[in-house]
$ cat my_file_12.cif   # mmCIF, N, CA and C atoms, pLDDT in the B column; chains and numbers go by the auth columns
data_my_file
loop_
_atom_site.group_PDB
_atom_site.id
_atom_site.type_symbol
_atom_site.label_atom_id
_atom_site.label_comp_id
_atom_site.label_asym_id
_atom_site.label_seq_id
_atom_site.Cartn_x
_atom_site.Cartn_y
_atom_site.Cartn_z
_atom_site.B_iso_or_equiv
_atom_site.auth_seq_id
_atom_site.auth_asym_id
ATOM 1 N N MET A 1 175.801 -202.036 -113.785 47.00 1 Y
ATOM 2 C CA MET A 1 176.807 -202.506 -112.856 47.00 1 Y
ATOM 3 C C MET A 1 177.592 -201.321 -112.319 47.00 1 Y
ATOM 4 N N ASN A 2 177.799 -201.321 -111.018 50.00 2 Y
ATOM 5 C CA ASN A 2 178.558 -200.260 -110.370 50.00 2 Y
ATOM 6 C C ASN A 2 180.003 -200.296 -110.853 50.00 2 Y
ATOM 7 N N LYS A 3 180.514 -199.177 -111.320 56.00 3 Y
ATOM 8 C CA LYS A 3 181.875 -199.111 -111.831 56.00 3 Y
ATOM 9 C C LYS A 3 182.904 -199.345 -110.737 56.00 3 Y
ATOM 10 N N HIS A 4 182.595 -198.940 -109.513 59.00 4 Y
ATOM 11 C CA HIS A 4 183.505 -199.093 -108.391 59.00 4 Y
ATOM 12 C C HIS A 4 182.795 -199.840 -107.268 59.00 4 Y
ATOM 13 N N PRO A 5 182.745 -201.157 -107.340 75.00 5 Y
ATOM 14 C CA PRO A 5 182.027 -201.912 -106.318 75.00 5 Y
ATOM 15 C C PRO A 5 182.721 -201.820 -104.960 75.00 5 Y
ATOM 16 N N ALA A 6 181.958 -202.111 -103.943 84.00 6 Y
ATOM 17 C CA ALA A 6 182.488 -202.097 -102.586 84.00 6 Y
ATOM 18 C C ALA A 6 183.449 -203.256 -102.377 84.00 6 Y
ATOM 19 N N ILE A 7 184.316 -203.071 -101.403 91.00 7 Y
ATOM 20 C CA ILE A 7 185.209 -204.130 -100.957 91.00 7 Y
ATOM 21 C C ILE A 7 184.686 -204.565 -99.599 91.00 7 Y
ATOM 22 N N VAL A 8 184.456 -205.862 -99.435 92.00 8 Y
ATOM 23 C CA VAL A 8 183.998 -206.408 -98.160 92.00 8 Y
ATOM 24 C C VAL A 8 185.122 -207.261 -97.589 92.00 8 Y
ATOM 25 N N VAL A 9 185.584 -206.880 -96.405 94.00 9 Y
ATOM 26 C CA VAL A 9 186.637 -207.635 -95.728 94.00 9 Y
ATOM 27 C C VAL A 9 185.964 -208.533 -94.704 94.00 9 Y
ATOM 28 N N ILE A 10 186.240 -209.831 -94.808 93.00 10 Y
ATOM 29 C CA ILE A 10 185.603 -210.810 -93.935 93.00 10 Y
ATOM 30 C C ILE A 10 186.492 -211.126 -92.741 93.00 10 Y
ATOM 31 N N THR A 11 187.763 -211.380 -92.970 93.00 11 Y
ATOM 32 C CA THR A 11 188.734 -211.624 -91.896 93.00 11 Y
ATOM 33 C C THR A 11 190.082 -211.074 -92.319 93.00 11 Y
ATOM 34 N N GLY A 12 190.925 -210.846 -91.355 91.00 12 Y
ATOM 35 C CA GLY A 12 192.280 -210.427 -91.671 91.00 12 Y
ATOM 36 C C GLY A 12 193.012 -209.872 -90.470 91.00 12 Y
ATOM 37 N N CYS A 13 194.278 -210.245 -90.361 91.00 13 Y
ATOM 38 C CA CYS A 13 195.150 -209.650 -89.346 91.00 13 Y
ATOM 39 C C CYS A 13 195.403 -208.199 -89.737 91.00 13 Y
ATOM 40 N N PHE A 14 195.996 -207.445 -88.827 86.00 14 Y
ATOM 41 C CA PHE A 14 196.200 -206.026 -89.081 86.00 14 Y
ATOM 42 C C PHE A 14 197.048 -205.781 -90.327 86.00 14 Y
ATOM 43 N N ASN A 15 198.090 -206.565 -90.551 90.00 15 Y
ATOM 44 C CA ASN A 15 198.971 -206.382 -91.705 90.00 15 Y
ATOM 45 C C ASN A 15 198.744 -207.458 -92.766 90.00 15 Y
ATOM 46 N N SER A 16 197.502 -207.832 -92.977 92.00 16 Y
ATOM 47 C CA SER A 16 197.180 -208.916 -93.911 92.00 16 Y
ATOM 48 C C SER A 16 196.948 -208.400 -95.325 92.00 16 Y
ATOM 49 N N GLY A 17 196.848 -209.329 -96.234 93.00 17 Y
ATOM 50 C CA GLY A 17 196.505 -208.994 -97.604 93.00 17 Y
ATOM 51 C C GLY A 17 195.131 -208.350 -97.698 93.00 17 Y
ATOM 52 N N SER A 18 194.227 -208.760 -96.825 91.00 18 Y
ATOM 53 C CA SER A 18 192.892 -208.155 -96.805 91.00 18 Y
ATOM 54 C C SER A 18 192.974 -206.669 -96.493 91.00 18 Y
ATOM 55 N N MET A 19 193.794 -206.325 -95.531 92.00 19 Y
ATOM 56 C CA MET A 19 193.954 -204.918 -95.166 92.00 19 Y
ATOM 57 C C MET A 19 194.654 -204.144 -96.290 92.00 19 Y
ATOM 58 N N PHE A 20 195.616 -204.775 -96.919 93.00 20 Y
ATOM 59 C CA PHE A 20 196.305 -204.163 -98.053 93.00 20 Y
ATOM 60 C C PHE A 20 195.295 -203.839 -99.157 93.00 20 Y
ATOM 61 N N THR A 21 194.438 -204.809 -99.469 92.00 21 Y
ATOM 62 C CA THR A 21 193.407 -204.622 -100.484 92.00 21 Y
ATOM 63 C C THR A 21 192.422 -203.525 -100.082 92.00 21 Y
ATOM 64 N N ALA A 22 192.005 -203.524 -98.817 92.00 22 Y
ATOM 65 C CA ALA A 22 191.081 -202.494 -98.340 92.00 22 Y
ATOM 66 C C ALA A 22 191.699 -201.105 -98.474 92.00 22 Y
ATOM 67 N N ASN A 23 192.962 -200.977 -98.137 88.00 23 Y
ATOM 68 C CA ASN A 23 193.628 -199.673 -98.241 88.00 23 Y
ATOM 69 C C ASN A 23 193.754 -199.216 -99.685 88.00 23 Y
ATOM 70 N N ILE A 24 194.014 -200.131 -100.601 89.00 24 Y
ATOM 71 C CA ILE A 24 194.032 -199.769 -102.025 89.00 24 Y
ATOM 72 C C ILE A 24 192.643 -199.309 -102.449 89.00 24 Y
ATOM 73 N N GLY A 25 191.621 -200.020 -101.998 86.00 25 Y
ATOM 74 C CA GLY A 25 190.252 -199.621 -102.309 86.00 25 Y
ATOM 75 C C GLY A 25 189.932 -198.229 -101.807 86.00 25 Y
ATOM 76 N N LEU A 26 190.363 -197.921 -100.597 84.00 26 Y
ATOM 77 C CA LEU A 26 190.136 -196.578 -100.056 84.00 26 Y
ATOM 78 C C LEU A 26 190.852 -195.536 -100.898 84.00 26 Y
ATOM 79 N N ASP A 27 192.087 -195.847 -101.324 86.00 27 Y
ATOM 80 C CA ASP A 27 192.843 -194.923 -102.177 86.00 27 Y
ATOM 81 C C ASP A 27 192.139 -194.682 -103.507 86.00 27 Y
ATOM 82 N N GLU A 28 191.373 -195.684 -103.966 87.00 28 Y
ATOM 83 C CA GLU A 28 190.647 -195.579 -105.232 87.00 28 Y
ATOM 84 C C GLU A 28 189.205 -195.114 -105.034 87.00 28 Y
ATOM 85 N N ASN A 29 188.897 -194.615 -103.845 84.00 29 Y
ATOM 86 C CA ASN A 29 187.559 -194.112 -103.508 84.00 29 Y
ATOM 87 C C ASN A 29 186.466 -195.163 -103.606 84.00 29 Y
ATOM 88 N N ARG A 30 186.819 -196.394 -103.315 88.00 30 Y
ATOM 89 C CA ARG A 30 185.805 -197.448 -103.258 88.00 30 Y
ATOM 90 C C ARG A 30 185.218 -197.511 -101.857 88.00 30 Y
ATOM 91 N N SER A 31 184.032 -198.034 -101.775 89.00 31 Y
ATOM 92 C CA SER A 31 183.384 -198.224 -100.489 89.00 31 Y
ATOM 93 C C SER A 31 183.981 -199.462 -99.826 89.00 31 Y
ATOM 94 N N VAL A 32 184.389 -199.343 -98.573 92.00 32 Y
ATOM 95 C CA VAL A 32 184.952 -200.475 -97.841 92.00 32 Y
ATOM 96 C C VAL A 32 183.992 -200.849 -96.722 92.00 32 Y
ATOM 97 N N ARG A 33 183.638 -202.101 -96.674 94.00 33 Y
ATOM 98 C CA ARG A 33 182.762 -202.663 -95.652 94.00 33 Y
ATOM 99 C C ARG A 33 183.520 -203.776 -94.944 94.00 33 Y
ATOM 100 N N ALA A 34 183.156 -204.055 -93.701 95.00 34 Y
ATOM 101 C CA ALA A 34 183.845 -205.096 -92.936 95.00 34 Y
ATOM 102 C C ALA A 34 182.858 -205.849 -92.057 95.00 34 Y
ATOM 103 N N ILE A 35 183.111 -207.130 -91.903 95.00 35 Y
ATOM 104 C CA ILE A 35 182.311 -207.957 -91.012 95.00 35 Y
ATOM 105 C C ILE A 35 183.031 -207.995 -89.668 95.00 35 Y
ATOM 106 N N PRO A 36 182.398 -207.465 -88.612 96.00 36 Y
ATOM 107 C CA PRO A 36 183.067 -207.431 -87.313 96.00 36 Y
ATOM 108 C C PRO A 36 183.274 -208.832 -86.759 96.00 36 Y
ATOM 109 N N GLY A 37 184.284 -208.947 -85.920 96.00 37 Y
ATOM 110 C CA GLY A 37 184.585 -210.243 -85.313 96.00 37 Y
ATOM 111 C C GLY A 37 184.872 -210.101 -83.838 96.00 37 Y
ATOM 112 N N ARG A 38 185.168 -211.218 -83.228 96.00 38 Y
ATOM 113 C CA ARG A 38 185.476 -211.245 -81.793 96.00 38 Y
ATOM 114 C C ARG A 38 186.707 -210.392 -81.494 96.00 38 Y
ATOM 115 N N ILE A 39 186.670 -209.673 -80.413 95.00 39 Y
ATOM 116 C CA ILE A 39 187.781 -208.792 -80.074 95.00 39 Y
ATOM 117 C C ILE A 39 189.038 -209.539 -79.659 95.00 39 Y
ATOM 118 N N ASP A 40 188.916 -210.818 -79.321 95.00 40 Y
ATOM 119 C CA ASP A 40 190.087 -211.591 -78.917 95.00 40 Y
ATOM 120 C C ASP A 40 190.631 -212.482 -80.038 95.00 40 Y
ATOM 121 N N ALA A 41 190.074 -212.372 -81.238 95.00 41 Y
ATOM 122 C CA ALA A 41 190.496 -213.206 -82.361 95.00 41 Y
ATOM 123 C C ALA A 41 191.477 -212.447 -83.251 95.00 41 Y
ATOM 124 N N PRO A 42 192.688 -212.976 -83.446 94.00 42 Y
ATOM 125 C CA PRO A 42 193.682 -212.295 -84.279 94.00 42 Y
ATOM 126 C C PRO A 42 193.186 -212.001 -85.697 94.00 42 Y
ATOM 127 N N LEU A 43 192.358 -212.873 -86.256 94.00 43 Y
ATOM 128 C CA LEU A 43 191.867 -212.649 -87.615 94.00 43 Y
ATOM 129 C C LEU A 43 190.730 -211.641 -87.695 94.00 43 Y
ATOM 130 N N SER A 44 190.313 -211.107 -86.564 95.00 44 Y
ATOM 131 C CA SER A 44 189.281 -210.063 -86.548 95.00 44 Y
ATOM 132 C C SER A 44 189.867 -208.668 -86.384 95.00 44 Y
ATOM 133 N N VAL A 45 191.147 -208.586 -86.073 95.00 45 Y
ATOM 134 C CA VAL A 45 191.773 -207.294 -85.810 95.00 45 Y
ATOM 135 C C VAL A 45 191.638 -206.354 -87.010 95.00 45 Y
ATOM 136 N N GLY A 46 191.863 -206.855 -88.209 94.00 46 Y
ATOM 137 C CA GLY A 46 191.780 -206.015 -89.401 94.00 46 Y
ATOM 138 C C GLY A 46 190.387 -205.456 -89.614 94.00 46 Y
ATOM 139 N N CYS A 47 189.380 -206.312 -89.564 95.00 47 Y
ATOM 140 C CA CYS A 47 187.992 -205.864 -89.762 95.00 47 Y
ATOM 141 C C CYS A 47 187.576 -204.872 -88.685 95.00 47 Y
ATOM 142 N N ASN A 48 187.867 -205.206 -87.445 95.00 48 Y
ATOM 143 C CA ASN A 48 187.475 -204.323 -86.353 95.00 48 Y
ATOM 144 C C ASN A 48 188.189 -202.975 -86.457 95.00 48 Y
ATOM 145 N N SER A 49 189.436 -202.978 -86.905 93.00 49 Y
ATOM 146 C CA SER A 49 190.179 -201.728 -87.096 93.00 49 Y
ATOM 147 C C SER A 49 189.559 -200.887 -88.211 93.00 49 Y
ATOM 148 N N LEU A 50 189.143 -201.546 -89.289 92.00 50 Y
ATOM 149 C CA LEU A 50 188.490 -200.823 -90.380 92.00 50 Y
ATOM 150 C C LEU A 50 187.195 -200.171 -89.903 92.00 50 Y
ATOM 151 N N ILE A 51 186.425 -200.897 -89.116 93.00 51 Y
ATOM 152 C CA ILE A 51 185.165 -200.358 -88.597 93.00 51 Y
ATOM 153 C C ILE A 51 185.446 -199.185 -87.654 93.00 51 Y
ATOM 154 N N ALA A 52 186.459 -199.331 -86.800 93.00 52 Y
ATOM 155 C CA ALA A 52 186.818 -198.241 -85.888 93.00 52 Y
ATOM 156 C C ALA A 52 187.251 -196.993 -86.662 93.00 52 Y
ATOM 157 N N ALA A 53 187.822 -197.207 -87.852 88.00 53 Y
ATOM 158 C CA ALA A 53 188.287 -196.089 -88.673 88.00 53 Y
ATOM 159 C C ALA A 53 187.182 -195.507 -89.555 88.00 53 Y
ATOM 160 N N GLY A 54 185.987 -196.102 -89.492 87.00 54 Y
ATOM 161 C CA GLY A 54 184.869 -195.537 -90.235 87.00 54 Y
ATOM 162 C C GLY A 54 184.253 -196.412 -91.308 87.00 54 Y
ATOM 163 N N ALA A 55 184.791 -197.606 -91.523 89.00 55 Y
ATOM 164 C CA ALA A 55 184.168 -198.515 -92.499 89.00 55 Y
ATOM 165 C C ALA A 55 182.796 -198.936 -91.986 89.00 55 Y
ATOM 166 N N LYS A 56 181.857 -199.099 -92.892 91.00 56 Y
ATOM 167 C CA LYS A 56 180.512 -199.519 -92.503 91.00 56 Y
ATOM 168 C C LYS A 56 180.531 -201.017 -92.198 91.00 56 Y
ATOM 169 N N PRO A 57 180.005 -201.413 -91.039 95.00 57 Y
ATOM 170 C CA PRO A 57 179.972 -202.847 -90.735 95.00 57 Y
ATOM 171 C C PRO A 57 178.857 -203.567 -91.497 95.00 57 Y
ATOM 172 N N ILE A 58 179.130 -204.786 -91.867 95.00 58 Y
ATOM 173 C CA ILE A 58 178.111 -205.681 -92.419 95.00 58 Y
ATOM 174 C C ILE A 58 177.632 -206.531 -91.246 95.00 58 Y
ATOM 175 N N LEU A 59 176.390 -206.320 -90.817 95.00 59 Y
ATOM 176 C CA LEU A 59 175.877 -206.988 -89.630 95.00 59 Y
ATOM 177 C C LEU A 59 174.866 -208.085 -89.942 95.00 59 Y
ATOM 178 N N SER A 60 174.438 -208.153 -91.196 93.00 60 Y
ATOM 179 C CA SER A 60 173.455 -209.174 -91.562 93.00 60 Y
ATOM 180 C C SER A 60 173.563 -209.465 -93.051 93.00 60 Y
ATOM 181 N N ALA A 61 172.928 -210.546 -93.450 88.00 61 Y
ATOM 182 C CA ALA A 61 172.887 -210.878 -94.870 88.00 61 Y
ATOM 183 C C ALA A 61 172.175 -209.766 -95.647 88.00 61 Y
ATOM 184 N N GLN A 62 171.173 -209.147 -95.026 88.00 62 Y
ATOM 185 C CA GLN A 62 170.449 -208.060 -95.685 88.00 62 Y
ATOM 186 C C GLN A 62 171.370 -206.884 -95.979 88.00 62 Y
ATOM 187 N N ASP A 63 172.287 -206.581 -95.057 88.00 63 Y
ATOM 188 C CA ASP A 63 173.262 -205.504 -95.300 88.00 63 Y
ATOM 189 C C ASP A 63 174.076 -205.788 -96.552 88.00 63 Y
ATOM 190 N N LEU A 64 174.474 -207.023 -96.715 85.00 64 Y
ATOM 191 C CA LEU A 64 175.277 -207.425 -97.872 85.00 64 Y
ATOM 192 C C LEU A 64 174.458 -207.334 -99.154 85.00 64 Y
ATOM 193 N N LEU A 65 173.226 -207.819 -99.118 84.00 65 Y
ATOM 194 C CA LEU A 65 172.351 -207.733 -100.287 84.00 65 Y
ATOM 195 C C LEU A 65 172.079 -206.285 -100.674 84.00 65 Y
ATOM 196 N N ASP A 66 171.862 -205.445 -99.670 83.00 66 Y
ATOM 197 C CA ASP A 66 171.611 -204.025 -99.941 83.00 66 Y
ATOM 198 C C ASP A 66 172.855 -203.351 -100.517 83.00 66 Y
ATOM 199 N N GLU A 67 174.021 -203.682 -99.984 80.00 67 Y
ATOM 200 C CA GLU A 67 175.259 -203.064 -100.449 80.00 67 Y
ATOM 201 C C GLU A 67 175.491 -203.313 -101.929 80.00 67 Y
ATOM 202 N N PHE A 68 175.237 -204.526 -102.364 79.00 68 Y
ATOM 203 C CA PHE A 68 175.483 -204.880 -103.759 79.00 68 Y
ATOM 204 C C PHE A 68 174.227 -204.783 -104.629 79.00 68 Y
ATOM 205 N N ARG A 69 173.144 -204.251 -104.028 75.00 69 Y
ATOM 206 C CA ARG A 69 171.900 -204.033 -104.759 75.00 69 Y
ATOM 207 C C ARG A 69 171.467 -205.288 -105.527 75.00 69 Y
ATOM 208 N N LEU A 70 171.511 -206.418 -104.816 73.00 70 Y
ATOM 209 C CA LEU A 70 171.161 -207.674 -105.464 73.00 70 Y
ATOM 210 C C LEU A 70 169.662 -207.810 -105.646 73.00 70 Y
ATOM 211 N N TYR A 71 168.887 -207.108 -104.820 68.00 71 Y
ATOM 212 C CA TYR A 71 167.455 -207.009 -105.032 68.00 71 Y
ATOM 213 C C TYR A 71 166.934 -205.849 -104.197 68.00 71 Y
ATOM 214 N N ASP A 72 165.782 -205.392 -104.557 60.00 72 Y
ATOM 215 C CA ASP A 72 165.161 -204.267 -103.863 60.00 72 Y
ATOM 216 C C ASP A 72 164.491 -204.784 -102.603 60.00 72 Y
ATOM 217 N N SER A 73 164.999 -204.385 -101.433 54.00 73 Y
ATOM 218 C CA SER A 73 164.475 -204.898 -100.173 54.00 73 Y
ATOM 219 C C SER A 73 163.381 -204.018 -99.590 54.00 73 Y
ATOM 220 N N ARG A 74 163.012 -202.961 -100.294 58.00 74 Y
ATOM 221 C CA ARG A 74 161.946 -202.099 -99.775 58.00 74 Y
ATOM 222 C C ARG A 74 160.601 -202.785 -99.866 58.00 74 Y
ATOM 223 N N PRO A 75 159.715 -202.510 -98.884 60.00 75 Y
ATOM 224 C CA PRO A 75 158.368 -203.139 -98.909 60.00 75 Y
ATOM 225 C C PRO A 75 157.543 -202.674 -100.087 60.00 75 Y
#
$ encode --input "my_file_12.cif" --output "structure tokens"
Amino acid sequence: MNKHPAIVVITGCFNSGSMFTANIGLDENRSVRAIPGRIDAPLSVGCNSLIAAGAKPILSAQDLLDEFRLYDSRP
């Protein structure tokens, strides 16, 4: 088991608890991932901001499975 698992932010306003948690994770050198959302949705501002700042986006279920190494997706 990974000692420092990634943090995946699904939704959150800019000053939300999700963003607070993501920032703590960054301070603890954890990997932060975010699911992008619509640019006009208030609950997507946090995720989109994290991605703009360098967080890796989760764009598919495979990305999520690979991130948490739930199974080997190599052929």
$ residues_around --input "my_file_12.cif" --residues "region 56-67 of chain Y" --least-positions-apart "6" --cutoff "6.5 Å" --atoms "only N, CA and C atoms" --output "PDB file with N, CA and C atoms, in the coordinates of the input"
ATOM      1  N   VAL Y  32     184.389-199.343 -98.573  1.00 92.00           N
ATOM      2  CA  VAL Y  32     184.952-200.475 -97.841  1.00 92.00           C
ATOM      3  C   VAL Y  32     183.992-200.849 -96.722  1.00 92.00           C
ATOM      4  N   ARG Y  33     183.638-202.101 -96.674  1.00 94.00           N
ATOM      5  CA  ARG Y  33     182.762-202.663 -95.652  1.00 94.00           C
ATOM      6  C   ARG Y  33     183.520-203.776 -94.944  1.00 94.00           C
ATOM      7  N   ALA Y  34     183.156-204.055 -93.701  1.00 95.00           N
ATOM      8  CA  ALA Y  34     183.845-205.096 -92.936  1.00 95.00           C
ATOM      9  C   ALA Y  34     182.858-205.849 -92.057  1.00 95.00           C
ATOM     10  N   ILE Y  35     183.111-207.130 -91.903  1.00 95.00           N
ATOM     11  CA  ILE Y  35     182.311-207.957 -91.012  1.00 95.00           C
ATOM     12  C   ILE Y  35     183.031-207.995 -89.668  1.00 95.00           C
ATOM     13  N   PRO Y  36     182.398-207.465 -88.612  1.00 96.00           N
ATOM     14  CA  PRO Y  36     183.067-207.431 -87.313  1.00 96.00           C
ATOM     15  C   PRO Y  36     183.274-208.832 -86.759  1.00 96.00           C
ATOM     16  N   LEU Y  50     189.143-201.546 -89.289  1.00 92.00           N
ATOM     17  CA  LEU Y  50     188.490-200.823 -90.380  1.00 92.00           C
ATOM     18  C   LEU Y  50     187.195-200.171 -89.903  1.00 92.00           C
TER      19      LEU Y  50
END
$ select_by_dssp --input "my_file_12.cif" --residues "chain Y" --states "strand (DSSP E or B)" --output "list in words"
Ile7, Val8, Val9, Val32, Arg33, Ala34, Lys56 and Pro57 of chain Y
$ write_last_selection --input "my_file_12.cif" --atoms "N, CA and C atoms" --output "tab-separated table (two decimals), in the coordinates of the input"
chain	number	residue	atom	x	y	z
Y	7	ILE	N	184.32	-203.07	-101.40
Y	7	ILE	CA	185.21	-204.13	-100.96
Y	7	ILE	C	184.69	-204.56	-99.60
Y	8	VAL	N	184.46	-205.86	-99.44
Y	8	VAL	CA	184.00	-206.41	-98.16
Y	8	VAL	C	185.12	-207.26	-97.59
Y	9	VAL	N	185.58	-206.88	-96.40
Y	9	VAL	CA	186.64	-207.64	-95.73
Y	9	VAL	C	185.96	-208.53	-94.70
Y	32	VAL	N	184.39	-199.34	-98.57
Y	32	VAL	CA	184.95	-200.48	-97.84
Y	32	VAL	C	183.99	-200.85	-96.72
Y	33	ARG	N	183.64	-202.10	-96.67
Y	33	ARG	CA	182.76	-202.66	-95.65
Y	33	ARG	C	183.52	-203.78	-94.94
Y	34	ALA	N	183.16	-204.06	-93.70
Y	34	ALA	CA	183.84	-205.10	-92.94
Y	34	ALA	C	182.86	-205.85	-92.06
Y	56	LYS	N	181.86	-199.10	-92.89
Y	56	LYS	CA	180.51	-199.52	-92.50
Y	56	LYS	C	180.53	-201.02	-92.20
Y	57	PRO	N	180.00	-201.41	-91.04
Y	57	PRO	CA	179.97	-202.85	-90.74
Y	57	PRO	C	178.86	-203.57	-91.50
$ resolve_selection --input "my_file_12.cif" --expression "the PyMOL selection byres ((chain Y and resi 14-24) around 7)" --output "PyMOL selection string"
chain Y and resi 7+9+11-13+25-30+32+42-47
$ write_last_selection --input "my_file_12.cif" --atoms "N, CA and C atoms" --output "JSON list (two decimals), in the frame of the given file"
[["chain", "number", "residue", "atom", "x", "y", "z"],
["Y", 7, "ILE", "N", 184.32, -203.07, -101.40],
["Y", 7, "ILE", "CA", 185.21, -204.13, -100.96],
["Y", 7, "ILE", "C", 184.69, -204.56, -99.60],
["Y", 9, "VAL", "N", 185.58, -206.88, -96.40],
["Y", 9, "VAL", "CA", 186.64, -207.64, -95.73],
["Y", 9, "VAL", "C", 185.96, -208.53, -94.70],
["Y", 11, "THR", "N", 187.76, -211.38, -92.97],
["Y", 11, "THR", "CA", 188.73, -211.62, -91.90],
["Y", 11, "THR", "C", 190.08, -211.07, -92.32],
["Y", 12, "GLY", "N", 190.92, -210.85, -91.36],
["Y", 12, "GLY", "CA", 192.28, -210.43, -91.67],
["Y", 12, "GLY", "C", 193.01, -209.87, -90.47],
["Y", 13, "CYS", "N", 194.28, -210.24, -90.36],
["Y", 13, "CYS", "CA", 195.15, -209.65, -89.35],
["Y", 13, "CYS", "C", 195.40, -208.20, -89.74],
["Y", 25, "GLY", "N", 191.62, -200.02, -102.00],
["Y", 25, "GLY", "CA", 190.25, -199.62, -102.31],
["Y", 25, "GLY", "C", 189.93, -198.23, -101.81],
["Y", 26, "LEU", "N", 190.36, -197.92, -100.60],
["Y", 26, "LEU", "CA", 190.14, -196.58, -100.06],
["Y", 26, "LEU", "C", 190.85, -195.54, -100.90],
["Y", 27, "ASP", "N", 192.09, -195.85, -101.32],
["Y", 27, "ASP", "CA", 192.84, -194.92, -102.18],
["Y", 27, "ASP", "C", 192.14, -194.68, -103.51],
["Y", 28, "GLU", "N", 191.37, -195.68, -103.97],
["Y", 28, "GLU", "CA", 190.65, -195.58, -105.23],
["Y", 28, "GLU", "C", 189.20, -195.11, -105.03],
["Y", 29, "ASN", "N", 188.90, -194.62, -103.84],
["Y", 29, "ASN", "CA", 187.56, -194.11, -103.51],
["Y", 29, "ASN", "C", 186.47, -195.16, -103.61],
["Y", 30, "ARG", "N", 186.82, -196.39, -103.32],
["Y", 30, "ARG", "CA", 185.80, -197.45, -103.26],
["Y", 30, "ARG", "C", 185.22, -197.51, -101.86],
["Y", 32, "VAL", "N", 184.39, -199.34, -98.57],
["Y", 32, "VAL", "CA", 184.95, -200.48, -97.84],
["Y", 32, "VAL", "C", 183.99, -200.85, -96.72],
["Y", 42, "PRO", "N", 192.69, -212.98, -83.45],
["Y", 42, "PRO", "CA", 193.68, -212.30, -84.28],
["Y", 42, "PRO", "C", 193.19, -212.00, -85.70],
["Y", 43, "LEU", "N", 192.36, -212.87, -86.26],
["Y", 43, "LEU", "CA", 191.87, -212.65, -87.62],
["Y", 43, "LEU", "C", 190.73, -211.64, -87.70],
["Y", 44, "SER", "N", 190.31, -211.11, -86.56],
["Y", 44, "SER", "CA", 189.28, -210.06, -86.55],
["Y", 44, "SER", "C", 189.87, -208.67, -86.38],
["Y", 45, "VAL", "N", 191.15, -208.59, -86.07],
["Y", 45, "VAL", "CA", 191.77, -207.29, -85.81],
["Y", 45, "VAL", "C", 191.64, -206.35, -87.01],
["Y", 46, "GLY", "N", 191.86, -206.86, -88.21],
["Y", 46, "GLY", "CA", 191.78, -206.02, -89.40],
["Y", 46, "GLY", "C", 190.39, -205.46, -89.61],
["Y", 47, "CYS", "N", 189.38, -206.31, -89.56],
["Y", 47, "CYS", "CA", 187.99, -205.86, -89.76],
["Y", 47, "CYS", "C", 187.58, -204.87, -88.68]]
$ select_by_dssp --input "my_file_12.cif" --residues "chain Y" --states "helix (DSSP H, G or I)" --output "MDAnalysis selection string"
chainID Y and resid 17:27 42:52 61:67
